[in-house]
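Data block below; observations after.
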Number of protein chains: 2
Amino acid sequence: MGHGVHVTDLFGIGKKYEIGCGGKQRLAVIVRKDGTKELYAFEKGSSDEPTAVIHLEEDEARRLAAVLGGTFFSDD
Amino acid sequence: MGHGVHVTDLFGIGKKYEIGCGGKQRLAVIVRKDGTKELYAFEKGSSDEPTAVIHLEEDEARRLAAVLGGTFFSDD
């Protein structure tokens, strides 16, 4: 399961997960100790400035995870 | 589980999941029939042009889902 994800401890903050993509983009997720998450997208090549930063509360991250993981089922 | 997510069928393409965020952003995920996914981020207010588009292959989406959902565990 660790395949393709690089985990770094951010002391006092939380953890950083870097997800290697085959495509032109690179993703990083910062998981803070309070449960909030930040999703960063980078273009490959330019590793410094993210092209997108998405802030997610814990419940938003959970919903997005369900949709992306294919485990989301609607009530209605 | 359907709470906070609006699902639309995109005929012939797949499904669109809109995730309401409390914050200043809105998210939409297009799940295509071939398993690839596109994540769109919008600033609230301006609903037309996404501020970010992230293309994800099926395995990338699965890894990101594990990290966001808190079910990712590293081997190393």
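Here, A, B, ... name the chains of the structure tokens in the order displayed, residue numbers run from 1 inside each chain, and ligands are numbered from 1 in the same displayed order.
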
Name all residues at most 9 Å from range 36-47 of chain B (count only C-alpha atoms; drop same-chain ones fewer than 4 positions away) and give them as JSON, numbers by chain. {"A": [52, 53, 54, 68], "B": [23, 24, 25, 26, 27, 28, 29, 30, 31, 32, 51, 52, 53, 54, 55, 56, 57, 58, 59, 61]}

Report chain B as a compact mmCIF listing (two decimals) with all heavy atoms, in the first residue's frame in the frame of chain A, after least-squares superposition over all C-alpha atoms paired in order.
# COMPACT_ATOMS: atom_id res chain seq x y z
N MET B 1 0.85 -1.27 -0.06
CA MET B 1 0.05 -0.04 -0.04
C MET B 1 0.93 1.21 -0.02
O MET B 1 0.51 2.28 -0.42
CB MET B 1 -0.86 -0.07 1.19
CG MET B 1 -1.91 1.01 1.22
SD MET B 1 -3.15 0.87 -0.08
CE MET B 1 -4.39 1.99 0.58
N GLY B 2 2.18 1.06 0.45
CA GLY B 2 3.08 2.21 0.51
C GLY B 2 3.60 2.62 -0.86
O GLY B 2 4.21 3.67 -1.02
N HIS B 3 3.32 1.81 -1.83
CA HIS B 3 3.80 2.03 -3.19
C HIS B 3 3.31 3.36 -3.77
O HIS B 3 2.12 3.64 -3.79
CB HIS B 3 3.32 0.88 -4.07
CG HIS B 3 3.67 1.06 -5.50
ND1 HIS B 3 4.94 0.92 -5.99
CD2 HIS B 3 2.90 1.42 -6.56
CE1 HIS B 3 4.93 1.16 -7.29
NE2 HIS B 3 3.73 1.47 -7.66
N GLY B 4 4.25 4.15 -4.25
CA GLY B 4 3.87 5.38 -4.95
C GLY B 4 3.55 6.54 -4.05
O GLY B 4 3.15 7.59 -4.53
N VAL B 5 3.71 6.36 -2.75
CA VAL B 5 3.45 7.47 -1.82
C VAL B 5 4.68 7.63 -0.92
O VAL B 5 5.19 6.66 -0.37
CB VAL B 5 2.20 7.21 -0.95
CG1 VAL B 5 1.92 8.39 -0.04
CG2 VAL B 5 0.98 6.94 -1.82
N HIS B 6 5.14 8.87 -0.81
CA HIS B 6 6.29 9.16 0.04
C HIS B 6 5.82 9.97 1.25
O HIS B 6 5.24 11.04 1.09
CB HIS B 6 7.33 9.95 -0.77
CG HIS B 6 8.59 10.19 -0.01
ND1 HIS B 6 9.03 11.45 0.29
CD2 HIS B 6 9.48 9.33 0.52
CE1 HIS B 6 10.17 11.36 0.98
NE2 HIS B 6 10.46 10.09 1.13
N VAL B 7 6.05 9.43 2.44
CA VAL B 7 5.55 10.06 3.65
C VAL B 7 6.69 10.75 4.40
O VAL B 7 7.77 10.18 4.56
CB VAL B 7 4.89 9.01 4.59
CG1 VAL B 7 4.17 9.72 5.74
CG2 VAL B 7 3.93 8.13 3.83
N THR B 8 6.47 11.98 4.82
CA THR B 8 7.45 12.73 5.60
C THR B 8 6.78 13.25 6.86
O THR B 8 5.65 13.75 6.80
CB THR B 8 7.96 13.96 4.80
OG1 THR B 8 8.17 13.59 3.44
CG2 THR B 8 9.25 14.49 5.38
N ASP B 9 7.47 13.14 7.98
CA ASP B 9 6.95 13.70 9.22
C ASP B 9 7.27 15.19 9.27
O ASP B 9 8.41 15.60 9.06
CB ASP B 9 7.60 13.01 10.43
CG ASP B 9 6.59 12.15 11.16
OD1 ASP B 9 5.53 12.67 11.52
OD2 ASP B 9 6.86 10.95 11.32
N LEU B 10 6.23 16.01 9.51
CA LEU B 10 6.47 17.44 9.70
C LEU B 10 6.33 17.70 11.19
O LEU B 10 5.22 17.75 11.72
CB LEU B 10 5.43 18.25 8.91
CG LEU B 10 5.36 18.01 7.41
CD1 LEU B 10 4.24 18.84 6.80
CD2 LEU B 10 6.68 18.33 6.74
N PHE B 11 7.44 17.84 11.84
CA PHE B 11 7.47 17.89 13.30
C PHE B 11 6.56 18.99 13.84
O PHE B 11 6.66 20.15 13.45
CB PHE B 11 8.90 18.10 13.80
CG PHE B 11 9.00 18.09 15.29
CD1 PHE B 11 8.92 16.89 15.98
CD2 PHE B 11 9.13 19.26 16.00
CE1 PHE B 11 8.98 16.87 17.36
CE2 PHE B 11 9.21 19.25 17.38
CZ PHE B 11 9.13 18.05 18.06
N GLY B 12 5.62 18.61 14.70
CA GLY B 12 4.72 19.58 15.32
C GLY B 12 3.53 19.95 14.46
O GLY B 12 2.59 20.60 14.93
N ILE B 13 3.54 19.57 13.21
CA ILE B 13 2.47 19.98 12.29
C ILE B 13 1.61 18.78 11.90
O ILE B 13 0.39 18.82 12.02
CB ILE B 13 3.05 20.63 11.01
CG1 ILE B 13 3.81 21.92 11.37
CG2 ILE B 13 1.95 20.93 10.00
CD1 ILE B 13 4.62 22.50 10.25
N GLY B 14 2.27 17.72 11.45
CA GLY B 14 1.53 16.55 10.99
C GLY B 14 2.39 15.73 10.05
O GLY B 14 3.56 15.50 10.31
N LYS B 15 1.80 15.33 8.95
CA LYS B 15 2.53 14.52 7.98
C LYS B 15 2.31 15.02 6.57
O LYS B 15 1.25 15.56 6.24
CB LYS B 15 2.06 13.06 8.05
CG LYS B 15 2.69 12.29 9.20
CD LYS B 15 2.31 10.83 9.15
CE LYS B 15 3.05 10.08 10.26
NZ LYS B 15 2.95 8.64 10.13
N LYS B 16 3.33 14.80 5.74
CA LYS B 16 3.20 15.14 4.33
C LYS B 16 3.24 13.85 3.51
O LYS B 16 4.11 13.02 3.71
CB LYS B 16 4.34 16.06 3.89
CG LYS B 16 4.23 16.48 2.43
CD LYS B 16 5.21 17.58 2.08
CE LYS B 16 6.61 17.05 1.95
NZ LYS B 16 7.54 18.05 1.39
N TYR B 17 2.28 13.69 2.62
CA TYR B 17 2.20 12.54 1.73
C TYR B 17 2.40 13.04 0.31
O TYR B 17 1.61 13.87 -0.17
CB TYR B 17 0.84 11.86 1.83
CG TYR B 17 0.51 11.32 3.20
CD1 TYR B 17 -0.01 12.16 4.18
CD2 TYR B 17 0.72 9.99 3.51
CE1 TYR B 17 -0.31 11.68 5.44
CE2 TYR B 17 0.41 9.49 4.78
CZ TYR B 17 -0.10 10.34 5.73
OH TYR B 17 -0.40 9.86 6.98
N GLU B 18 3.44 12.56 -0.36
CA GLU B 18 3.65 12.93 -1.75
C GLU B 18 3.25 11.75 -2.63
O GLU B 18 3.73 10.63 -2.41
CB GLU B 18 5.11 13.31 -1.98
CG GLU B 18 5.44 14.65 -1.35
CD GLU B 18 6.92 14.94 -1.33
OE1 GLU B 18 7.64 14.25 -0.58
OE2 GLU B 18 7.36 15.82 -2.08
N ILE B 19 2.39 12.04 -3.58
CA ILE B 19 1.85 10.98 -4.42
C ILE B 19 2.40 11.15 -5.83
O ILE B 19 2.16 12.16 -6.48
CB ILE B 19 0.31 11.02 -4.44
CG1 ILE B 19 -0.21 10.84 -3.00
CG2 ILE B 19 -0.26 9.95 -5.36
CD1 ILE B 19 -1.68 11.12 -2.84
N GLY B 20 3.17 10.17 -6.26
CA GLY B 20 3.74 10.21 -7.60
C GLY B 20 2.67 9.90 -8.62
O GLY B 20 1.93 8.94 -8.49
N CYS B 21 2.56 10.76 -9.63
CA CYS B 21 1.61 10.55 -10.70
C CYS B 21 2.38 10.23 -11.97
O CYS B 21 3.48 10.74 -12.18
CB CYS B 21 0.75 11.79 -10.93
SG CYS B 21 -0.32 12.17 -9.54
N GLY B 22 1.80 9.42 -12.80
CA GLY B 22 2.43 9.11 -14.07
C GLY B 22 2.35 10.31 -15.01
O GLY B 22 3.17 10.47 -15.89
N GLY B 23 1.36 11.13 -14.78
CA GLY B 23 1.09 12.24 -15.69
C GLY B 23 2.02 13.42 -15.50
O GLY B 23 3.16 13.28 -15.08
N LYS B 24 1.51 14.60 -15.81
CA LYS B 24 2.33 15.81 -15.78
C LYS B 24 2.26 16.49 -14.42
O LYS B 24 2.86 17.52 -14.23
CB LYS B 24 1.85 16.79 -16.85
CG LYS B 24 2.06 16.30 -18.26
CD LYS B 24 1.69 17.36 -19.28
CE LYS B 24 0.25 17.79 -19.21
NZ LYS B 24 -0.73 16.74 -19.55
N GLN B 25 1.51 15.88 -13.49
CA GLN B 25 1.32 16.53 -12.20
C GLN B 25 1.86 15.69 -11.04
O GLN B 25 2.04 14.49 -11.15
CB GLN B 25 -0.17 16.82 -11.98
CG GLN B 25 -0.66 18.01 -12.78
CD GLN B 25 -2.14 18.20 -12.68
OE1 GLN B 25 -2.90 17.25 -12.75
NE2 GLN B 25 -2.57 19.43 -12.54
N ARG B 26 2.10 16.38 -9.95
CA ARG B 26 2.55 15.75 -8.73
C ARG B 26 1.63 16.28 -7.63
O ARG B 26 1.24 17.43 -7.65
CB ARG B 26 4.00 16.20 -8.44
CG ARG B 26 4.85 15.24 -7.67
CD ARG B 26 6.31 15.64 -7.85
NE ARG B 26 6.48 17.09 -7.71
CZ ARG B 26 6.61 17.72 -6.53
NH1 ARG B 26 6.58 17.05 -5.40
NH2 ARG B 26 6.78 19.03 -6.49
N LEU B 27 1.28 15.40 -6.70
CA LEU B 27 0.37 15.80 -5.63
C LEU B 27 1.06 15.68 -4.28
O LEU B 27 1.87 14.78 -4.06
CB LEU B 27 -0.87 14.91 -5.62
CG LEU B 27 -1.83 15.03 -6.80
CD1 LEU B 27 -2.89 13.96 -6.69
CD2 LEU B 27 -2.46 16.41 -6.82
N ALA B 28 0.73 16.58 -3.38
CA ALA B 28 1.17 16.46 -2.00
C ALA B 28 -0.02 16.78 -1.10
O ALA B 28 -0.81 17.66 -1.39
CB ALA B 28 2.31 17.43 -1.72
N VAL B 29 -0.17 15.99 -0.04
CA VAL B 29 -1.24 16.23 0.93
C VAL B 29 -0.57 16.45 2.28
O VAL B 29 0.26 15.65 2.71
CB VAL B 29 -2.21 15.03 1.03
CG1 VAL B 29 -3.30 15.31 2.06
CG2 VAL B 29 -2.83 14.73 -0.32
N ILE B 30 -0.92 17.56 2.92
CA ILE B 30 -0.48 17.80 4.29
C ILE B 30 -1.65 17.43 5.20
O ILE B 30 -2.75 17.97 5.04
CB ILE B 30 -0.11 19.28 4.53
CG1 ILE B 30 0.86 19.79 3.48
CG2 ILE B 30 0.38 19.49 5.96
CD1 ILE B 30 2.31 19.74 3.81
N VAL B 31 -1.41 16.49 6.09
CA VAL B 31 -2.44 16.10 7.06
C VAL B 31 -2.03 16.69 8.40
O VAL B 31 -1.01 16.31 8.98
CB VAL B 31 -2.57 14.57 7.16
CG1 VAL B 31 -3.64 14.19 8.20
CG2 VAL B 31 -2.94 13.98 5.81
N ARG B 32 -2.81 17.65 8.89
CA ARG B 32 -2.49 18.31 10.15
C ARG B 32 -3.03 17.51 11.32
O ARG B 32 -3.96 16.72 11.18
CB ARG B 32 -3.06 19.73 10.17
CG ARG B 32 -2.37 20.63 9.16
CD ARG B 32 -2.92 22.02 9.17
NE ARG B 32 -2.29 22.81 8.13
CZ ARG B 32 -1.14 23.47 8.30
NH1 ARG B 32 -0.53 23.46 9.46
NH2 ARG B 32 -0.61 24.13 7.30
N LYS B 33 -2.47 17.76 12.47
CA LYS B 33 -2.86 17.03 13.68
C LYS B 33 -4.34 17.26 14.04
O LYS B 33 -4.97 16.42 14.66
CB LYS B 33 -1.97 17.44 14.86
CG LYS B 33 -0.55 16.87 14.75
CD LYS B 33 0.26 17.22 15.98
CE LYS B 33 1.74 16.94 15.78
NZ LYS B 33 2.06 15.52 15.67
N ASP B 34 -4.89 18.41 13.62
CA ASP B 34 -6.30 18.70 13.92
C ASP B 34 -7.26 18.06 12.92
O ASP B 34 -8.47 18.26 13.01
CB ASP B 34 -6.55 20.21 14.02
CG ASP B 34 -6.32 20.92 12.68
OD1 ASP B 34 -5.99 20.25 11.68
OD2 ASP B 34 -6.46 22.15 12.63
N GLY B 35 -6.71 17.32 11.94
CA GLY B 35 -7.57 16.62 10.99
C GLY B 35 -7.78 17.36 9.69
O GLY B 35 -8.25 16.77 8.72
N THR B 36 -7.47 18.66 9.65
CA THR B 36 -7.60 19.38 8.39
C THR B 36 -6.49 18.94 7.43
O THR B 36 -5.43 18.49 7.85
CB THR B 36 -7.54 20.91 8.58
OG1 THR B 36 -6.28 21.25 9.16
CG2 THR B 36 -8.65 21.39 9.49
N LYS B 37 -6.81 19.06 6.15
CA LYS B 37 -5.87 18.60 5.13
C LYS B 37 -5.71 19.67 4.07
O LYS B 37 -6.64 20.43 3.80
CB LYS B 37 -6.39 17.30 4.51
CG LYS B 37 -6.34 16.14 5.51
CD LYS B 37 -7.11 14.94 5.04
CE LYS B 37 -7.04 13.82 6.06
NZ LYS B 37 -7.91 14.03 7.24
N GLU B 38 -4.53 19.71 3.49
CA GLU B 38 -4.29 20.59 2.36
C GLU B 38 -3.75 19.77 1.21
O GLU B 38 -2.83 18.98 1.38
CB GLU B 38 -3.28 21.68 2.73
CG GLU B 38 -3.90 22.80 3.53
CD GLU B 38 -2.93 23.37 4.54
OE1 GLU B 38 -1.74 23.48 4.23
OE2 GLU B 38 -3.39 23.66 5.66
N LEU B 39 -4.36 19.98 0.06
CA LEU B 39 -3.97 19.25 -1.14
C LEU B 39 -3.25 20.22 -2.06
O LEU B 39 -3.79 21.27 -2.41
CB LEU B 39 -5.25 18.71 -1.80
CG LEU B 39 -5.16 17.97 -3.11
CD1 LEU B 39 -4.29 16.73 -2.99
CD2 LEU B 39 -6.56 17.56 -3.55
N TYR B 40 -2.02 19.88 -2.42
CA TYR B 40 -1.22 20.71 -3.32
C TYR B 40 -1.00 19.98 -4.63
O TYR B 40 -0.66 18.80 -4.62
CB TYR B 40 0.16 21.01 -2.70
CG TYR B 40 0.09 21.84 -1.45
CD1 TYR B 40 -0.12 21.24 -0.21
CD2 TYR B 40 0.23 23.22 -1.50
CE1 TYR B 40 -0.19 22.01 0.94
CE2 TYR B 40 0.17 23.99 -0.35
CZ TYR B 40 -0.05 23.37 0.86
OH TYR B 40 -0.13 24.13 2.00
N ALA B 41 -1.18 20.67 -5.72
CA ALA B 41 -0.87 20.11 -7.03
C ALA B 41 0.29 20.88 -7.62
O ALA B 41 0.33 22.11 -7.56
CB ALA B 41 -2.09 20.21 -7.94
N PHE B 42 1.24 20.15 -8.16
CA PHE B 42 2.40 20.76 -8.81
C PHE B 42 2.49 20.26 -10.24
O PHE B 42 2.21 19.09 -10.52
CB PHE B 42 3.71 20.36 -8.10
CG PHE B 42 3.78 20.77 -6.67
CD1 PHE B 42 3.35 19.92 -5.66
CD2 PHE B 42 4.30 22.00 -6.32
CE1 PHE B 42 3.43 20.29 -4.33
CE2 PHE B 42 4.38 22.38 -4.98
CZ PHE B 42 3.95 21.53 -3.99
N GLU B 43 2.93 21.12 -11.12
CA GLU B 43 3.29 20.68 -12.46
C GLU B 43 4.64 20.01 -12.36
O GLU B 43 5.51 20.45 -11.61
CB GLU B 43 3.39 21.87 -13.43
CG GLU B 43 2.10 22.57 -13.70
CD GLU B 43 1.08 21.68 -14.42
OE1 GLU B 43 1.49 20.92 -15.32
OE2 GLU B 43 -0.10 21.76 -14.07
N LYS B 44 4.84 18.93 -13.10
CA LYS B 44 6.15 18.28 -13.07
C LYS B 44 7.19 19.21 -13.68
O LYS B 44 6.93 19.89 -14.65
CB LYS B 44 6.13 16.94 -13.81
CG LYS B 44 6.29 15.80 -12.82
CD LYS B 44 6.23 14.45 -13.43
CE LYS B 44 6.15 13.44 -12.28
NZ LYS B 44 5.53 12.20 -12.69
N GLY B 45 8.36 19.23 -13.09
CA GLY B 45 9.40 20.12 -13.59
C GLY B 45 9.55 21.29 -12.65
O GLY B 45 10.60 21.49 -12.06
N SER B 46 8.49 22.05 -12.48
CA SER B 46 8.54 23.19 -11.56
C SER B 46 8.04 22.72 -10.20
O SER B 46 6.85 22.58 -9.98
CB SER B 46 7.70 24.35 -12.07
OG SER B 46 6.34 24.02 -12.00
N SER B 47 8.97 22.44 -9.30
CA SER B 47 8.60 21.77 -8.06
C SER B 47 8.31 22.76 -6.93
O SER B 47 7.91 22.37 -5.85
CB SER B 47 9.73 20.83 -7.62
OG SER B 47 10.93 21.56 -7.56
N ASP B 48 8.53 24.05 -7.18
CA ASP B 48 8.46 25.01 -6.07
C ASP B 48 7.07 25.58 -5.83
O ASP B 48 6.56 25.55 -4.72
CB ASP B 48 9.50 26.12 -6.26
CG ASP B 48 9.71 26.48 -7.73
OD1 ASP B 48 9.09 25.83 -8.59
OD2 ASP B 48 10.49 27.40 -8.01
N GLU B 49 6.44 26.12 -6.86
CA GLU B 49 5.15 26.79 -6.69
C GLU B 49 4.00 25.87 -7.07
O GLU B 49 3.88 25.43 -8.21
CB GLU B 49 5.10 28.04 -7.58
CG GLU B 49 5.67 29.29 -6.94
CD GLU B 49 4.83 29.80 -5.77
OE1 GLU B 49 3.66 30.13 -5.97
OE2 GLU B 49 5.37 29.85 -4.65
N PRO B 50 3.09 25.59 -6.13
CA PRO B 50 1.95 24.75 -6.49
C PRO B 50 1.00 25.47 -7.44
O PRO B 50 0.82 26.69 -7.34
CB PRO B 50 1.27 24.47 -5.15
CG PRO B 50 1.70 25.57 -4.25
CD PRO B 50 3.05 25.99 -4.71
N THR B 51 0.42 24.73 -8.38
CA THR B 51 -0.57 25.32 -9.29
C THR B 51 -1.93 25.38 -8.62
O THR B 51 -2.80 26.12 -9.06
CB THR B 51 -0.68 24.49 -10.58
OG1 THR B 51 -0.90 23.12 -10.21
CG2 THR B 51 0.58 24.57 -11.38
N ALA B 52 -2.11 24.57 -7.58
CA ALA B 52 -3.40 24.57 -6.87
C ALA B 52 -3.18 24.21 -5.41
O ALA B 52 -2.35 23.37 -5.08
CB ALA B 52 -4.35 23.57 -7.51
N VAL B 53 -3.92 24.86 -4.55
CA VAL B 53 -3.95 24.52 -3.12
C VAL B 53 -5.41 24.40 -2.73
O VAL B 53 -6.19 25.32 -2.93
CB VAL B 53 -3.28 25.60 -2.25
CG1 VAL B 53 -3.23 25.14 -0.80
CG2 VAL B 53 -1.89 25.92 -2.75
N ILE B 54 -5.80 23.23 -2.22
CA ILE B 54 -7.19 23.00 -1.83
C ILE B 54 -7.22 22.69 -0.33
O ILE B 54 -6.56 21.75 0.12
CB ILE B 54 -7.80 21.84 -2.64
CG1 ILE B 54 -7.79 22.17 -4.14
CG2 ILE B 54 -9.21 21.53 -2.17
CD1 ILE B 54 -8.13 21.01 -5.04
N HIS B 55 -7.93 23.52 0.41
CA HIS B 55 -8.05 23.32 1.86
C HIS B 55 -9.28 22.47 2.16
O HIS B 55 -10.35 22.76 1.64
CB HIS B 55 -8.17 24.67 2.57
CG HIS B 55 -6.97 25.52 2.39
ND1 HIS B 55 -5.91 25.47 3.25
CD2 HIS B 55 -6.65 26.41 1.43
CE1 HIS B 55 -4.98 26.32 2.81
NE2 HIS B 55 -5.41 26.90 1.72
N LEU B 56 -9.12 21.47 2.98
CA LEU B 56 -10.22 20.55 3.28
C LEU B 56 -10.38 20.36 4.78
O LEU B 56 -9.43 20.03 5.48
CB LEU B 56 -9.94 19.18 2.65
CG LEU B 56 -9.86 19.12 1.13
CD1 LEU B 56 -9.17 17.85 0.69
CD2 LEU B 56 -11.24 19.20 0.52
N GLU B 57 -11.61 20.57 5.25
CA GLU B 57 -11.94 20.17 6.62
C GLU B 57 -12.02 18.65 6.66
O GLU B 57 -12.11 18.00 5.63
CB GLU B 57 -13.29 20.79 7.04
CG GLU B 57 -13.31 22.29 7.09
CD GLU B 57 -12.38 22.87 8.15
OE1 GLU B 57 -12.31 22.29 9.24
OE2 GLU B 57 -11.71 23.87 7.86
N GLU B 58 -12.06 18.11 7.88
CA GLU B 58 -12.02 16.66 8.02
C GLU B 58 -13.17 15.97 7.28
O GLU B 58 -12.97 14.97 6.59
CB GLU B 58 -12.05 16.29 9.52
CG GLU B 58 -11.54 14.89 9.76
CD GLU B 58 -11.16 14.64 11.21
OE1 GLU B 58 -11.45 15.50 12.05
OE2 GLU B 58 -10.59 13.58 11.48
N ASP B 59 -14.39 16.52 7.41
CA ASP B 59 -15.54 15.87 6.76
C ASP B 59 -15.51 16.03 5.25
O ASP B 59 -15.93 15.13 4.51
CB ASP B 59 -16.86 16.38 7.34
CG ASP B 59 -17.03 17.88 7.14
OD1 ASP B 59 -16.03 18.61 7.26
OD2 ASP B 59 -18.16 18.32 6.87
N GLU B 60 -14.99 17.16 4.77
CA GLU B 60 -14.85 17.36 3.33
C GLU B 60 -13.86 16.36 2.75
O GLU B 60 -14.08 15.78 1.69
CB GLU B 60 -14.37 18.78 3.04
CG GLU B 60 -15.37 19.85 3.45
CD GLU B 60 -14.73 21.22 3.58
OE1 GLU B 60 -13.52 21.37 3.31
OE2 GLU B 60 -15.45 22.16 3.98
N ALA B 61 -12.75 16.17 3.47
CA ALA B 61 -11.72 15.22 3.02
C ALA B 61 -12.29 13.81 2.98
O ALA B 61 -11.99 13.04 2.07
CB ALA B 61 -10.51 15.28 3.95
N ARG B 62 -13.15 13.49 3.96
CA ARG B 62 -13.73 12.15 4.02
C ARG B 62 -14.66 11.91 2.84
O ARG B 62 -14.65 10.85 2.22
CB ARG B 62 -14.47 11.96 5.34
CG ARG B 62 -14.42 10.53 5.85
CD ARG B 62 -15.09 10.37 7.18
NE ARG B 62 -14.53 11.21 8.21
CZ ARG B 62 -15.21 12.10 8.94
NH1 ARG B 62 -16.50 12.28 8.74
NH2 ARG B 62 -14.62 12.81 9.87
N ARG B 63 -15.46 12.94 2.52
CA ARG B 63 -16.38 12.83 1.37
C ARG B 63 -15.61 12.70 0.06
O ARG B 63 -15.93 11.88 -0.78
CB ARG B 63 -17.25 14.07 1.29
CG ARG B 63 -18.48 13.98 2.15
CD ARG B 63 -19.30 15.25 2.00
NE ARG B 63 -19.50 15.83 3.30
CZ ARG B 63 -19.55 17.12 3.56
NH1 ARG B 63 -19.41 18.00 2.60
NH2 ARG B 63 -19.74 17.54 4.78
N LEU B 64 -14.58 13.53 -0.09
CA LEU B 64 -13.76 13.48 -1.30
C LEU B 64 -13.09 12.11 -1.41
O LEU B 64 -13.02 11.52 -2.50
CB LEU B 64 -12.71 14.60 -1.26
CG LEU B 64 -11.75 14.68 -2.43
CD1 LEU B 64 -12.50 14.85 -3.75
CD2 LEU B 64 -10.77 15.83 -2.25
N ALA B 65 -12.61 11.58 -0.29
CA ALA B 65 -11.97 10.26 -0.27
C ALA B 65 -12.94 9.18 -0.73
O ALA B 65 -12.58 8.28 -1.50
CB ALA B 65 -11.45 9.94 1.13
N ALA B 66 -14.20 9.28 -0.29
CA ALA B 66 -15.20 8.29 -0.66
C ALA B 66 -15.48 8.34 -2.16
O ALA B 66 -15.58 7.31 -2.83
CB ALA B 66 -16.49 8.51 0.13
N VAL B 67 -15.57 9.56 -2.69
CA VAL B 67 -15.82 9.71 -4.13
C VAL B 67 -14.64 9.18 -4.94
O VAL B 67 -14.80 8.41 -5.88
CB VAL B 67 -16.09 11.19 -4.48
CG1 VAL B 67 -16.09 11.41 -5.99
CG2 VAL B 67 -17.42 11.64 -3.88
N LEU B 68 -13.43 9.57 -4.55
CA LEU B 68 -12.22 9.17 -5.29
C LEU B 68 -11.96 7.67 -5.17
O LEU B 68 -11.47 7.03 -6.09
CB LEU B 68 -11.01 9.95 -4.80
CG LEU B 68 -10.96 11.42 -5.14
CD1 LEU B 68 -9.78 12.08 -4.47
CD2 LEU B 68 -10.88 11.63 -6.66
N GLY B 69 -12.26 7.11 -4.01
CA GLY B 69 -11.99 5.70 -3.77
C GLY B 69 -13.10 4.79 -4.27
O GLY B 69 -12.99 3.57 -4.21
N GLY B 70 -14.17 5.40 -4.77
CA GLY B 70 -15.26 4.61 -5.32
C GLY B 70 -16.13 3.97 -4.26
O GLY B 70 -16.85 3.03 -4.51
N THR B 71 -16.09 4.50 -3.03
CA THR B 71 -16.91 3.95 -1.96
C THR B 71 -18.05 4.89 -1.58
O THR B 71 -18.69 4.70 -0.56
CB THR B 71 -16.07 3.67 -0.69
OG1 THR B 71 -15.43 4.88 -0.29
CG2 THR B 71 -15.01 2.63 -0.98
N PHE B 72 -18.27 5.91 -2.42
CA PHE B 72 -19.36 6.83 -2.13
C PHE B 72 -20.67 6.31 -2.71
O PHE B 72 -20.75 5.95 -3.88
CB PHE B 72 -19.09 8.22 -2.72
CG PHE B 72 -20.22 9.17 -2.48
CD1 PHE B 72 -20.36 9.82 -1.28
CD2 PHE B 72 -21.18 9.38 -3.47
CE1 PHE B 72 -21.43 10.67 -1.04
CE2 PHE B 72 -22.25 10.22 -3.24
CZ PHE B 72 -22.37 10.87 -2.03
N PHE B 73 -21.70 6.26 -1.87
CA PHE B 73 -23.03 5.90 -2.34
C PHE B 73 -24.02 6.91 -1.84
O PHE B 73 -24.02 7.25 -0.65
CB PHE B 73 -23.41 4.49 -1.88
CG PHE B 73 -22.50 3.45 -2.45
CD1 PHE B 73 -21.43 2.98 -1.72
CD2 PHE B 73 -22.68 3.01 -3.75
CE1 PHE B 73 -20.56 2.04 -2.27
CE2 PHE B 73 -21.81 2.08 -4.30
CZ PHE B 73 -20.75 1.59 -3.56
N SER B 74 -24.84 7.39 -2.74
CA SER B 74 -25.80 8.43 -2.39
C SER B 74 -27.02 7.83 -1.70
O SER B 74 -27.40 6.70 -1.96
CB SER B 74 -26.21 9.17 -3.66
OG SER B 74 -27.20 10.10 -3.39
N ASP B 75 -27.61 8.60 -0.81
CA ASP B 75 -28.85 8.19 -0.14
C ASP B 75 -30.04 8.31 -1.08
O ASP B 75 -31.00 7.56 -0.97
CB ASP B 75 -29.14 9.11 1.06
CG ASP B 75 -28.07 9.01 2.11
OD1 ASP B 75 -27.40 7.98 2.16
OD2 ASP B 75 -27.92 9.98 2.89
N ASP B 76 -29.95 9.34 -1.96
CA ASP B 76 -31.15 9.65 -2.72
C ASP B 76 -31.20 8.95 -4.07
O ASP B 76 -30.33 8.21 -4.42
CB ASP B 76 -31.28 11.18 -2.91
CG ASP B 76 -29.96 11.81 -3.30
OD1 ASP B 76 -29.22 11.20 -4.10
OD2 ASP B 76 -29.65 12.91 -2.82

Quick one: pick out all strand (DSSP E) residues within chain B from a backbone DSSP run and write them as a ChimeraX atom specification. /B:5-10,14-19,25-32,37-43,52-56

Could you pull out the residues in chain B that DSSP calls helix (DSSP H, G or I) from the backbone, as a list of chain:residue names?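 Of chain B, only B:Glu58, B:Asp59, B:Glu60, B:Ala61, B:Arg62, B:Arg63, B:Leu64, B:Ala65, B:Ala66, B:Val67, B:Leu68, B:Gly69 fall in helix (DSSP H, G or I).
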